[in-house]
$ cat run_11.csv   # CSV, C-alpha atoms and all ligand atoms
chain,number,residue,atom,x,y,z
A,29,MET,CA,379.2,-7.7,145.9
A,30,ALA,CA,377.7,-6.4,149.1
A,31,GLU,CA,377.4,-2.6,149.5
A,32,LEU,CA,380.0,-1.0,151.7
A,33,PRO,CA,378.2,-0.3,155.0
A,34,PRO,CA,378.3,3.4,156.0
A,35,HIS,CA,380.0,2.7,159.3
A,36,VAL,CA,382.7,0.7,157.6
A,37,ALA,CA,383.2,3.4,154.9
A,38,ALA,CA,383.4,6.1,157.6
A,39,ALA,CA,386.1,4.2,159.6
A,40,LEU,CA,388.1,3.6,156.4
A,41,ARG,CA,388.0,7.3,155.5
A,42,ARG,CA,389.7,8.1,158.8
A,43,LEU,CA,392.8,6.0,158.0
A,44,PRO,CA,396.1,7.9,157.7
A,45,ALA,CA,397.5,8.0,154.1
A,46,PRO,CA,398.6,5.9,152.4
A,47,ALA,CA,395.7,3.9,153.7
A,48,CYS,CA,396.0,0.1,154.2
A,49,ALA,CA,394.0,-1.8,156.7
A,50,TYR,CA,392.0,-4.7,157.7
A,51,LEU,CA,388.7,-3.8,159.4
A,52,TYR,CA,386.9,-6.4,161.5
A,53,ASP,CA,383.4,-5.7,162.6
A,54,ARG,CA,382.4,-7.5,165.8
A,55,SER,CA,378.7,-6.8,165.4
A,56,ALA,CA,378.9,-8.6,162.0
A,57,LEU,CA,380.5,-11.6,163.8
A,58,ARG,CA,377.7,-11.7,166.4
A,59,ALA,CA,375.0,-11.4,163.7
A,60,GLN,CA,376.5,-14.3,161.8
A,61,VAL,CA,376.6,-16.6,164.8
A,62,ALA,CA,373.0,-15.8,165.5
A,63,ARG,CA,372.0,-16.5,161.9
A,64,LEU,CA,373.8,-19.8,162.0
A,65,ARG,CA,372.4,-20.9,165.3
A,66,SER,CA,368.9,-20.2,164.3
A,67,ALA,CA,369.3,-22.3,161.2
A,68,LEU,CA,370.8,-25.4,162.9
A,69,PRO,CA,369.0,-28.3,164.7
A,70,ARG,CA,368.4,-27.3,168.3
A,71,GLY,CA,371.3,-28.1,170.6
A,72,THR,CA,373.9,-28.2,167.8
A,73,THR,CA,377.3,-27.2,169.2
A,74,ILE,CA,379.0,-24.4,167.3
A,75,LEU,CA,382.8,-24.1,167.6
A,76,TYR,CA,384.5,-21.3,165.7
A,77,ALA,CA,387.6,-22.7,163.8
A,78,VAL,CA,390.3,-20.2,164.8
A,79,LYS,CA,392.5,-20.8,161.8
A,80,ALA,CA,390.1,-18.7,159.7
A,81,ASN,CA,391.0,-15.6,161.6
A,82,GLY,CA,393.1,-15.6,164.8
A,83,HIS,CA,393.0,-11.9,165.5
A,84,PRO,CA,392.5,-11.8,169.3
A,85,ALA,CA,389.5,-9.5,169.1
A,86,VAL,CA,387.8,-11.8,166.6
A,87,VAL,CA,388.7,-14.9,168.7
A,88,GLN,CA,387.4,-13.2,171.9
A,89,THR,CA,384.1,-12.1,170.2
A,90,LEU,CA,383.5,-15.6,168.8
A,91,ALA,CA,384.5,-17.4,172.0
A,92,ALA,CA,381.8,-15.4,173.8
A,93,GLU,CA,379.2,-15.9,171.0
A,94,CYS,CA,379.8,-19.5,170.0
A,95,ASP,CA,379.8,-22.6,172.3
A,96,GLY,CA,383.6,-22.8,172.1
A,97,LEU,CA,386.6,-22.8,169.7
A,98,GLU,CA,388.3,-25.4,167.5
A,99,VAL,CA,392.1,-25.0,167.5
A,100,ALA,CA,394.8,-26.8,165.6
A,101,SER,CA,398.1,-25.6,167.1
A,102,GLY,CA,399.6,-24.7,170.4
A,103,GLY,CA,399.4,-21.0,169.4
A,104,GLU,CA,395.7,-21.2,168.7
A,105,LEU,CA,395.2,-23.1,171.9
A,106,ASP,CA,396.8,-20.2,173.8
A,107,LEU,CA,394.6,-17.8,172.0
A,108,ALA,CA,391.5,-19.8,172.9
A,109,VAL,CA,392.5,-20.1,176.5
A,110,ARG,CA,393.1,-16.4,176.8
A,111,ALA,CA,389.8,-15.6,175.0
A,112,GLY,CA,388.0,-17.5,177.7
A,113,ALA,CA,386.6,-20.2,175.4
A,114,ARG,CA,384.0,-22.4,177.3
A,115,ARG,CA,384.9,-25.4,175.1
A,116,ILE,CA,388.0,-26.2,173.2
A,117,VAL,CA,388.4,-28.9,170.6
A,118,PHE,CA,392.0,-29.6,169.5
A,119,GLY,CA,392.8,-31.2,166.1
A,120,GLY,CA,395.5,-31.3,163.5
A,121,PRO,CA,397.7,-33.9,161.9
A,122,GLY,CA,401.0,-33.0,163.5
A,123,LYS,CA,400.7,-32.4,167.3
A,124,THR,CA,403.8,-32.3,169.4
A,125,ASP,CA,404.1,-33.8,172.9
A,126,ALA,CA,404.0,-30.3,174.3
A,127,GLU,CA,400.8,-29.5,172.5
A,128,LEU,CA,399.2,-32.7,173.5
A,129,ILE,CA,400.0,-32.0,177.2
A,130,ALA,CA,398.9,-28.3,176.9
A,131,ALA,CA,395.6,-29.4,175.3
A,132,ALA,CA,394.9,-32.0,178.0
A,133,GLN,CA,395.7,-29.5,180.7
A,134,ALA,CA,393.3,-26.9,179.1
A,135,GLY,CA,390.6,-29.6,179.2
A,136,ALA,CA,390.3,-29.6,175.4
A,137,LEU,CA,388.6,-32.5,173.6
A,138,LEU,CA,391.3,-34.0,171.4
A,139,ASN,CA,390.6,-35.2,167.8
A,140,VAL,CA,393.1,-38.0,167.5
A,141,GLU,CA,394.5,-38.3,163.9
A,142,SER,CA,396.6,-41.5,164.1
A,143,VAL,CA,397.3,-44.7,166.0
A,144,PHE,CA,400.7,-43.4,166.9
A,145,GLU,CA,399.1,-40.3,168.4
A,146,LEU,CA,396.9,-42.4,170.6
A,147,ARG,CA,400.0,-44.3,171.8
A,148,ARG,CA,401.9,-41.0,172.5
A,149,LEU,CA,398.9,-39.6,174.4
A,150,ALA,CA,398.9,-42.7,176.6
A,151,GLY,CA,402.6,-42.5,177.0
A,152,LEU,CA,402.3,-39.0,178.2
A,153,GLY,CA,399.9,-40.2,180.9
A,154,VAL,CA,396.9,-38.5,179.5
A,155,ARG,CA,393.6,-40.1,180.5
A,156,ALA,CA,390.8,-38.5,178.7
A,157,ASP,CA,387.8,-38.8,176.4
A,158,VAL,CA,388.9,-38.4,172.7
A,159,CYS,CA,387.3,-38.4,169.3
A,160,LEU,CA,388.9,-40.2,166.4
A,161,ARG,CA,389.3,-38.3,163.2
A,162,VAL,CA,388.3,-40.7,160.4
A,163,ASN,CA,389.1,-40.5,156.7
A,164,ARG,CA,386.1,-42.3,155.4
A,165,ASP,CA,386.0,-44.5,152.3
A,166,SER,CA,383.8,-42.1,150.5
A,167,VAL,CA,381.8,-39.0,151.3
A,168,ALA,CA,379.2,-37.5,149.0
A,169,VAL,CA,379.8,-33.8,149.4
A,170,THR,CA,381.0,-31.1,147.0
A,171,GLY,CA,383.3,-28.3,147.9
A,172,SER,CA,386.7,-26.9,147.1
A,173,HIS,CA,389.1,-29.0,149.2
A,174,ALA,CA,388.0,-32.7,149.6
A,175,MET,CA,389.9,-34.1,152.6
A,176,THR,CA,388.3,-37.5,152.9
A,177,GLY,CA,387.6,-40.5,150.7
A,178,ALA,CA,391.1,-39.9,149.2
A,179,PRO,CA,394.7,-40.3,150.4
A,180,THR,CA,395.4,-37.4,152.7
A,181,PRO,CA,397.4,-36.8,155.9
A,182,PHE,CA,394.2,-36.2,157.9
A,183,GLY,CA,392.7,-38.8,160.1
A,184,ILE,CA,392.6,-42.5,160.3
A,185,ASP,CA,391.7,-44.6,157.3
A,186,GLU,CA,388.2,-46.1,158.0
A,187,ASN,CA,389.5,-49.5,157.1
A,188,GLN,CA,392.1,-49.4,159.9
A,189,LEU,CA,389.6,-48.6,162.7
A,190,GLY,CA,389.4,-52.3,163.8
A,191,ALA,CA,393.2,-52.3,164.4
A,192,VAL,CA,393.0,-49.0,166.3
A,193,PHE,CA,390.3,-50.2,168.7
A,194,ASP,CA,392.2,-53.5,169.2
A,195,ALA,CA,395.2,-51.5,170.4
A,196,LEU,CA,393.3,-48.7,172.2
A,197,PRO,CA,395.5,-47.8,175.2
A,198,ALA,CA,393.9,-47.9,178.7
A,199,GLY,CA,392.8,-44.5,180.0
A,200,LEU,CA,391.6,-43.2,176.6
A,201,THR,CA,387.9,-43.4,175.9
A,202,VAL,CA,386.6,-42.9,172.4
A,203,THR,CA,383.4,-41.0,172.6
A,204,GLY,CA,382.8,-40.2,169.0
A,205,PHE,CA,384.2,-39.3,165.6
A,206,HIS,CA,385.5,-36.2,163.8
A,207,LEU,CA,384.6,-36.2,160.2
A,208,HIS,CA,385.6,-32.8,158.8
A,209,ALA,CA,385.6,-33.5,155.0
A,210,VAL,CA,385.2,-30.3,153.0
A,211,SER,CA,385.9,-26.7,152.6
A,212,ASN,CA,383.7,-23.9,151.3
A,213,ASN,CA,380.6,-26.0,150.4
A,214,LEU,CA,378.0,-23.7,148.8
A,215,ASP,CA,375.3,-26.4,148.5
A,216,GLY,CA,373.1,-26.5,151.6
A,217,THR,CA,371.2,-29.6,150.5
A,218,ALA,CA,374.5,-31.4,150.0
A,219,HIS,CA,375.8,-30.3,153.3
A,220,ALA,CA,372.6,-31.5,155.1
A,221,ALA,CA,373.1,-34.8,153.4
A,222,PHE,CA,376.7,-34.9,154.6
A,223,LEU,CA,375.6,-34.2,158.2
A,224,ARG,CA,372.9,-37.0,158.0
A,225,ASP,CA,375.5,-39.4,156.6
A,226,ALA,CA,378.0,-38.5,159.3
A,227,ILE,CA,375.5,-39.1,162.0
A,228,SER,CA,374.2,-42.4,160.6
A,229,TRP,CA,377.7,-43.7,159.8
A,230,SER,CA,378.9,-42.9,163.3
A,231,ALA,CA,375.8,-44.6,164.8
A,232,GLN,CA,376.5,-47.7,162.8
A,233,VAL,CA,380.2,-47.9,163.5
A,234,ALA,CA,380.2,-47.0,167.2
A,235,PRO,CA,378.6,-50.2,168.5
A,236,ARG,CA,380.8,-52.4,166.3
A,237,TYR,CA,383.8,-51.2,168.5
A,238,GLY,CA,382.0,-50.9,171.8
A,239,VAL,CA,381.8,-47.1,171.6
A,240,THR,CA,378.9,-45.3,173.3
A,241,LEU,CA,378.4,-42.6,170.8
A,242,ARG,CA,378.3,-39.2,172.3
A,243,VAL,CA,379.9,-36.9,169.8
A,244,VAL,CA,379.6,-36.5,166.0
A,245,ASN,CA,381.9,-33.7,164.9
A,246,ALA,CA,381.1,-32.8,161.2
A,247,GLY,CA,383.8,-30.1,161.1
A,248,GLY,CA,383.6,-26.9,159.1
A,249,GLY,CA,383.1,-26.2,155.4
A,250,LEU,CA,380.0,-24.0,155.3
A,251,GLY,CA,380.7,-21.9,152.3
A,252,VAL,CA,380.7,-18.3,151.1
A,253,ASP,CA,381.3,-17.3,147.5
A,254,HIS,CA,384.2,-14.8,147.6
A,255,THR,CA,383.3,-13.6,144.1
A,256,SER,CA,379.7,-12.7,144.8
A,257,ALA,CA,377.3,-12.1,147.7
A,258,ALA,CA,376.1,-15.7,147.8
A,259,SER,CA,376.5,-18.0,150.7
A,260,ILE,CA,375.4,-21.6,151.5
A,261,ASP,CA,371.7,-21.9,152.0
A,262,LEU,CA,371.4,-23.0,155.6
A,263,ALA,CA,367.7,-23.8,155.5
A,264,PRO,CA,368.2,-27.6,154.7
A,265,LEU,CA,370.5,-28.0,157.8
A,266,SER,CA,367.6,-27.4,160.2
A,267,GLN,CA,365.9,-30.6,159.0
A,268,VAL,CA,368.8,-32.9,160.1
A,269,ALA,CA,367.7,-35.2,162.9
A,270,VAL,CA,370.2,-35.7,165.8
A,271,PRO,CA,369.7,-38.8,167.9
A,272,ALA,CA,369.1,-38.3,171.7
A,273,GLY,CA,372.3,-38.4,173.7
A,274,VAL,CA,374.4,-37.4,170.7
A,275,GLU,CA,376.1,-34.0,170.4
A,276,LEU,CA,376.4,-32.7,166.9
A,277,ILE,CA,379.4,-30.4,166.6
A,278,LEU,CA,380.1,-28.0,163.7
A,279,GLU,CA,383.3,-26.1,163.4
A,280,PRO,CA,382.7,-23.3,160.9
A,281,GLY,CA,385.5,-20.8,160.2
A,282,ARG,CA,384.9,-19.1,156.9
A,283,TYR,CA,381.1,-18.8,157.3
A,284,LEU,CA,381.4,-17.0,160.6
A,285,ALA,CA,384.3,-14.7,159.9
A,286,ALA,CA,384.4,-13.9,156.2
A,287,ASP,CA,381.7,-11.2,156.1
A,288,ALA,CA,383.0,-9.4,159.2
A,289,GLY,CA,386.2,-8.4,157.5
A,290,TRP,CA,387.1,-5.7,155.0
A,291,TYR,CA,390.6,-5.2,153.4
A,292,ALA,CA,391.2,-1.6,152.2
A,293,ALA,CA,394.2,-0.4,150.2
A,294,GLU,CA,395.0,3.0,148.7
A,295,VAL,CA,395.7,3.3,145.0
A,296,LEU,CA,399.4,4.5,144.8
A,297,ASP,CA,399.6,4.5,141.0
A,298,LEU,CA,397.6,4.0,137.9
A,299,LYS,CA,399.1,3.0,134.6
A,300,THR,CA,398.3,1.4,131.3
A,301,THR,CA,400.9,-0.9,129.7
A,302,HIS,CA,400.3,-2.8,126.5
A,303,GLY,CA,396.6,-2.1,126.6
A,304,ARG,CA,395.9,-3.2,130.3
A,305,THR,CA,395.2,-0.8,133.1
A,306,PHE,CA,396.7,-1.5,136.5
A,307,ALA,CA,395.8,0.1,139.9
A,308,VAL,CA,398.9,-0.4,142.0
A,309,LEU,CA,398.0,-0.6,145.7
A,310,ARG,CA,399.6,0.1,149.0
A,311,GLY,CA,399.1,-3.5,149.9
A,312,GLY,CA,398.6,-6.8,148.0
A,313,THR,CA,398.9,-10.5,148.3
A,314,HIS,CA,401.3,-10.4,151.3
A,315,HIS,CA,398.2,-9.1,153.2
A,316,PHE,CA,395.5,-10.9,151.3
A,317,ARG,CA,396.7,-14.0,149.5
A,318,LEU,CA,393.4,-15.8,149.0
A,319,PRO,CA,392.7,-14.8,145.4
A,320,ALA,CA,396.2,-15.7,144.4
A,321,ALA,CA,396.1,-19.0,146.3
A,322,TRP,CA,392.8,-20.0,144.8
A,323,GLY,CA,393.2,-18.4,141.4
A,324,TYR,CA,390.2,-16.1,141.3
A,325,SER,CA,389.5,-12.4,141.0
A,326,HIS,CA,388.3,-10.9,144.3
A,327,PRO,CA,385.8,-8.1,143.7
A,328,PHE,CA,386.3,-4.6,145.2
A,329,THR,CA,384.4,-1.5,145.8
A,330,VAL,CA,385.9,1.9,145.1
A,331,LEU,CA,385.8,4.3,148.1
A,332,PRO,CA,386.4,7.7,146.5
A,333,VAL,CA,388.7,10.1,148.4
A,334,ASP,CA,388.2,13.6,147.0
A,335,ALA,CA,391.1,15.4,148.7
A,336,TRP,CA,394.1,16.0,146.5
A,337,ASP,CA,396.8,18.5,147.8
A,338,ARG,CA,399.6,17.8,145.4
A,339,PRO,CA,400.8,20.5,142.9
A,340,TYR,CA,400.7,18.1,140.0
A,341,PRO,CA,397.8,16.4,138.2
A,342,ARG,CA,396.0,13.4,139.7
A,343,PRO,CA,396.2,10.3,137.6
A,344,GLU,CA,392.7,8.9,136.9
A,345,VAL,CA,390.8,6.5,134.6
A,346,ALA,CA,387.2,6.2,133.8
A,347,GLY,CA,384.9,3.5,132.3
A,348,THR,CA,387.5,0.9,132.0
A,349,PRO,CA,388.5,-2.5,133.3
A,350,VAL,CA,391.4,-2.4,135.8
A,351,ASP,CA,393.6,-5.0,137.4
A,352,ALA,CA,394.1,-4.5,141.2
A,353,VAL,CA,397.7,-5.4,141.9
A,354,GLY,CA,399.9,-5.1,144.9
A,355,GLU,CA,403.2,-3.4,145.8
A,356,LEU,CA,405.3,-6.6,145.5
A,357,CYS,CA,407.9,-7.1,142.8
A,358,THR,CA,406.2,-10.2,141.3
A,359,PRO,CA,403.6,-10.6,138.6
A,360,ARG,CA,401.6,-12.9,140.9
A,361,ASP,CA,400.7,-10.0,143.2
A,362,VAL,CA,397.2,-9.7,141.7
A,363,LEU,CA,394.0,-9.4,143.7
A,364,THR,CA,391.6,-8.7,140.9
A,365,ARG,CA,391.8,-8.9,137.1
A,366,GLY,CA,389.7,-6.8,134.8
A,367,GLN,CA,387.1,-5.4,137.1
A,368,HIS,CA,385.2,-2.5,135.5
A,369,VAL,CA,385.4,0.9,137.2
A,370,ASP,CA,383.3,3.9,136.5
A,371,ALA,CA,386.0,6.2,137.8
A,372,LEU,CA,389.2,5.6,139.7
A,373,ARG,CA,392.0,8.0,140.9
A,374,VAL,CA,395.3,7.7,142.6
A,375,GLY,CA,394.5,8.2,146.3
A,376,ASP,CA,391.1,6.5,146.2
A,377,LEU,CA,390.7,3.3,148.2
A,378,LEU,CA,389.8,-0.1,146.9
A,379,VAL,CA,387.8,-2.1,149.5
A,380,PHE,CA,387.7,-5.8,149.4
A,381,GLY,CA,384.7,-7.3,151.3
A,382,ARG,CA,384.4,-10.9,152.6
A,383,THR,CA,388.0,-10.8,153.7
A,384,GLY,CA,387.5,-11.7,157.4
A,385,ALA,CA,388.4,-15.3,156.9
A,386,TYR,CA,391.6,-16.8,155.4
A,387,GLY,CA,392.8,-13.2,154.6
A,388,TRP,CA,395.6,-11.9,156.7
A,389,ASP,CA,396.1,-15.2,158.4
A,390,ILE,CA,397.1,-17.2,155.3
A,391,SER,CA,399.3,-14.5,153.8
A,392,HIS,CA,403.1,-14.3,153.5
A,393,HIS,CA,403.5,-11.1,155.6
A,394,ASP,CA,407.3,-10.9,155.4
A,395,PHE,CA,407.8,-11.2,151.7
A,396,LEU,CA,409.4,-7.9,150.6
A,397,ARG,CA,409.2,-6.4,154.1
A,398,HIS,CA,406.5,-3.8,153.5
A,399,PRO,CA,404.8,-2.6,156.7
A,400,PRO,CA,401.7,-4.5,157.8
A,401,PRO,CA,398.3,-3.1,157.4
A,402,ASP,CA,396.5,-1.3,160.2
A,403,PHE,CA,393.9,-3.3,162.0
A,404,ILE,CA,390.7,-1.6,162.9
A,405,ILE,CA,388.2,-3.3,165.2
A,406,LEU,CA,384.7,-2.0,165.3
B,1,LIG,C1,389.8,-25.7,158.5
B,1,LIG,C2,389.0,-26.5,159.4
B,1,LIG,C3,387.7,-26.1,159.9
B,1,LIG,C4,387.1,-24.8,159.4
B,1,LIG,O1,386.8,-24.9,158.0
B,1,LIG,P1,385.9,-23.8,157.3
B,1,LIG,O2,385.9,-24.2,155.9
B,1,LIG,O3,386.6,-22.5,157.5
B,1,LIG,O4,384.6,-23.8,157.9
B,1,LIG,C5,387.1,-26.8,160.8
B,1,LIG,N1,387.6,-28.0,161.2
B,1,LIG,C6,388.8,-28.4,160.8
B,1,LIG,C7,389.3,-29.7,161.4
B,1,LIG,C8,389.5,-27.7,159.9
B,1,LIG,O5,390.7,-28.2,159.5

$ encode --input "run_11.csv" --output "structure tokens"
Amino acid sequence: MAELPPHVAAALRRLPAPACAYLYDRSALRAQVARLRSALPRGTTILYAVKANGHPAVVQTLAAECDGLEVASGGELDLAVRAGARRIVFGGPGKTDAELIAAAQAGALLNVESVFELRRLAGLGVRADVCLRVNRDSVAVTGSHAMTGAPTPFGIDENQLGAVFDALPAGLTVTGFHLHAVSNNLDGTAHAAFLRDAISWSAQVAPRYGVTLRVVNAGGGLGVDHTSAASIDLAPLSQVAVPAGVELILEPGRYLAADAGWYAAEVLDLKTTHGRTFAVLRGGTHHFRLPAAWGYSHPFTVLPVDAWDRPYPRPEVAGTPVDAVGELCTPRDVLTRGQHVDALRVGDLLVFGRTGAYGWDISHHDFLRHPPPDFIIL
């Protein structure tokens, strides 16, 4: 796991007790965009996928740093407009009429996910360039959530494209394809192959339907390993050739936001029952659900807090594995199982790195009605 940067530790030490907070570091967001941009083929469009972290400060920072934002709901669209995004791409399998109208009014490029959605757009009087999201027959890419080459609610089956173009309503012009297919891919060589394949497939298919190909949107999926410091190796991506006149769009969420976030929670109690030691936190999966959702142990760093002003002894453990669990009344409220600690006391903080993406945003905040964490923006 990455070391806790001193400026992050200092900010967490200033939290009021009992400490519980997400900290988002804008300089880390900017650095990550720069790292990605320098690794991609020149001219590649980078749109931050807002669903990874919709905190307005994060969205604003990434709207300024990236070429634009990818949104998938009316709420995210509002955030993107307010953040001053230069470009907005709007996708998602279930768009309401109100969302389609708002997206068109905001000048967003729509990723259309079904034939019926095309008809609804035309029925609403929208005249615009659109991309079709396609669920291809097969895609050679590894990652945690395959969304294509299998029955899913996302996109239009590749085999139905002929019928779609036969019935394409007047006023809508297809300029390209959206082919988001994977989440959290840690294999850079495989991702480069996926991009090449997305480009060559699009270039082959477009003329078949009279499309002048201008956009190939390969979606997100650049991975970070939440259990270590490893991330996808971006080097192979720079070798991908993009034909003249075609815009390659990527929509990374996790890769841009994960390392800019830290979740910190104070140890409220320490106990050993039936041979297992538990650190009970002021916090838990209602703030940070990812490890429970994905079934892994999220590593933490101990931030020692030496002050102790109580008249009774301070519980502590040393040289032992502990389970980091939350304050919820359910045995599933577990962030980490069996991580070794040299020393841990009630009142110390556990700090979970790489929590800037799919952390707070995917968690069930209202379960048990504990107060939310603080949010610190650096
Ligand atoms: C979720 C999503 C993304 C972002 O995915 P990451 O794995 O966070 O990079 C991009 N595009 C679409 C269409 C998505 O659904």

$ residues_near_ligand --input "run_11.csv" --ligand "ligand LIG 1 (chain B)" --cutoff "9 Å" --atoms "only C-alpha atoms and all ligand atoms" --output "NGL selection string"
:A and (75-80 or 98-100 or 118-120 or 139 or 161 or 173 or 182 or 206-213 or 245-251 or 278-286 or 385-386)

$ closest_residue --input "run_11.csv" --among "A:Gly204, A:Pro181, A:Pro271, A:Gly153" --to "Pro69 of chain A" --atoms "only C-alpha atoms"
A:Pro271

$ closest_residue --input "run_11.csv" --among "A:Ala156, A:Val117, A:Ala38, A:Leu68" --to "Ala269 of chain A" --atoms "only C-alpha atoms"
A:Leu68

$ closest_residue --input "run_11.csv" --among "A:Ala335, A:Leu372, A:Val252, A:Cys48" --to "Ala307 of chain A" --atoms "only C-alpha atoms"
A:Leu372

$ atom_distance --input "run_11.csv" --atom1 "atom CA of Ala132 of chain A" --atom2 "atom CA of Leu149 of chain A"
9.3 Å

$ closest_residue --input "run_11.csv" --among "A:Arg164, A:Arg155, A:His219, A:Arg224" --to "Pro197 of chain A" --atoms "only C-alpha atoms"
A:Arg155

$ atom_distance --input "run_11.csv" --atom1 "atom CA of Thr383 of chain A" --atom2 "atom CA of Leu57 of chain A"
12.6 Å

$ closest_residue --input "run_11.csv" --among "A:Leu223, A:Val143, A:Thr358, A:Ala134" --to "Leu189 of chain A" --atoms "only C-alpha atoms"
A:Val143

$ residues_near_point --input "run_11.csv" --point "(389.2, 2.4, 138.1)" --cutoff "6 Å" --atoms "all atoms listed in the file" --output "mmCIF file with C-alpha atoms, in the frame of the given file"
data_model
loop_
_atom_site.group_PDB
_atom_site.id
_atom_site.type_symbol
_atom_site.label_atom_id
_atom_site.label_comp_id
_atom_site.auth_asym_id
_atom_site.auth_seq_id
_atom_site.Cartn_x
_atom_site.Cartn_y
_atom_site.Cartn_z
ATOM 1 C CA VAL A 345 390.800 6.500 134.600
ATOM 2 C CA VAL A 350 391.400 -2.400 135.800
ATOM 3 C CA VAL A 369 385.400 0.900 137.200
ATOM 4 C CA ALA A 371 386.000 6.200 137.800
ATOM 5 C CA LEU A 372 389.200 5.600 139.700
#

$ residues_around --input "run_11.csv" --residues "Ala221 of chain A" --least-positions-apart "6" --cutoff "12 Å" --atoms "all atoms listed in the file" --output "VMD selection string"
chain A and resid 167 to 170 213 215 227 to 229 246 264 to 269

$ closest_residue --input "run_11.csv" --among "A:Gly312, A:Ala45, A:Ser166, A:Ala263" --to "Arg63 of chain A" --atoms "only C-alpha atoms"
A:Ala263

$ residues_around --input "run_11.csv" --residues "Pro319 of chain A" --least-positions-apart "2" --cutoff "12 Å" --atoms "all atoms listed in the file" --output "ChimeraX atom specification"
/A:253-255,312-317,321-327,352-353,360-365,380,382-383,386-387,390-391

$ atom_distance --input "run_11.csv" --atom1 "atom CA of Ser259 of chain A" --atom2 "atom CA of Leu40 of chain A"
25.2 Å

$ residues_around --input "run_11.csv" --residues "Ala37 of chain A" --least-positions-apart "4" --cutoff "9 Å" --atoms "all atoms listed in the file" --output "CSV table (one decimal) with C-alpha atoms, in the coordinates of the input"
chain,number,residue,atom,x,y,z
A,32,LEU,CA,380.0,-1.0,151.7
A,33,PRO,CA,378.2,-0.3,155.0
A,41,ARG,CA,388.0,7.3,155.5
A,42,ARG,CA,389.7,8.1,158.8
A,331,LEU,CA,385.8,4.3,148.1
A,379,VAL,CA,387.8,-2.1,149.5

$ decode --input "run_11.csv" --residues "segment 365-369 of chain A" --atoms "all heavy atoms" --output "mmCIF file, in the first residue's frame"
data_model
loop_
_atom_site.group_PDB
_atom_site.id
_atom_site.type_symbol
_atom_site.label_atom_id
_atom_site.label_comp_id
_atom_site.auth_asym_id
_atom_site.auth_seq_id
_atom_site.Cartn_x
_atom_site.Cartn_y
_atom_site.Cartn_z
ATOM 1 N N ARG A 365 -10.125 -7.871 6.548
ATOM 2 C CA ARG A 365 -10.000 -9.032 7.435
ATOM 3 C C ARG A 365 -8.529 -9.373 7.648
ATOM 4 O O ARG A 365 -7.766 -9.469 6.690
ATOM 5 C CB ARG A 365 -10.677 -10.256 6.825
ATOM 6 C CG ARG A 365 -12.167 -10.207 6.924
ATOM 7 C CD ARG A 365 -12.800 -11.566 6.610
ATOM 8 N NE ARG A 365 -14.207 -11.379 6.252
ATOM 9 C CZ ARG A 365 -15.187 -11.220 7.141
ATOM 10 N NH1 ARG A 365 -14.919 -11.251 8.440
ATOM 11 N NH2 ARG A 365 -16.426 -11.033 6.738
ATOM 12 N N GLY A 366 -8.165 -9.546 8.899
ATOM 13 C CA GLY A 366 -6.876 -10.142 9.235
ATOM 14 C C GLY A 366 -5.653 -9.378 8.772
ATOM 15 O O GLY A 366 -4.663 -9.996 8.385
ATOM 16 N N GLN A 367 -5.688 -8.050 8.825
ATOM 17 C CA GLN A 367 -4.455 -7.315 8.497
ATOM 18 C C GLN A 367 -3.598 -7.187 9.753
ATOM 19 O O GLN A 367 -4.063 -6.771 10.816
ATOM 20 C CB GLN A 367 -4.766 -5.924 7.932
ATOM 21 C CG GLN A 367 -3.469 -5.171 7.592
ATOM 22 C CD GLN A 367 -3.698 -3.855 6.871
ATOM 23 O OE1 GLN A 367 -4.632 -3.722 6.070
ATOM 24 N NE2 GLN A 367 -2.852 -2.876 7.148
ATOM 25 N N HIS A 368 -2.308 -7.509 9.605
ATOM 26 C CA HIS A 368 -1.375 -7.421 10.729
ATOM 27 C C HIS A 368 -1.184 -5.971 11.138
ATOM 28 O O HIS A 368 -0.999 -5.101 10.291
ATOM 29 C CB HIS A 368 -0.028 -8.036 10.343
ATOM 30 C CG HIS A 368 1.001 -7.875 11.421
ATOM 31 N ND1 HIS A 368 1.169 -8.816 12.421
ATOM 32 C CD2 HIS A 368 1.870 -6.878 11.690
ATOM 33 C CE1 HIS A 368 2.119 -8.394 13.246
ATOM 34 N NE2 HIS A 368 2.554 -7.220 12.819
ATOM 35 N N VAL A 369 -1.226 -5.713 12.443
ATOM 36 C CA VAL A 369 -0.844 -4.388 12.955
ATOM 37 C C VAL A 369 0.280 -4.572 13.966
ATOM 38 O O VAL A 369 0.281 -5.519 14.754
ATOM 39 C CB VAL A 369 -2.023 -3.631 13.623
ATOM 40 C CG1 VAL A 369 -3.115 -3.332 12.612
ATOM 41 C CG2 VAL A 369 -2.586 -4.396 14.814
#
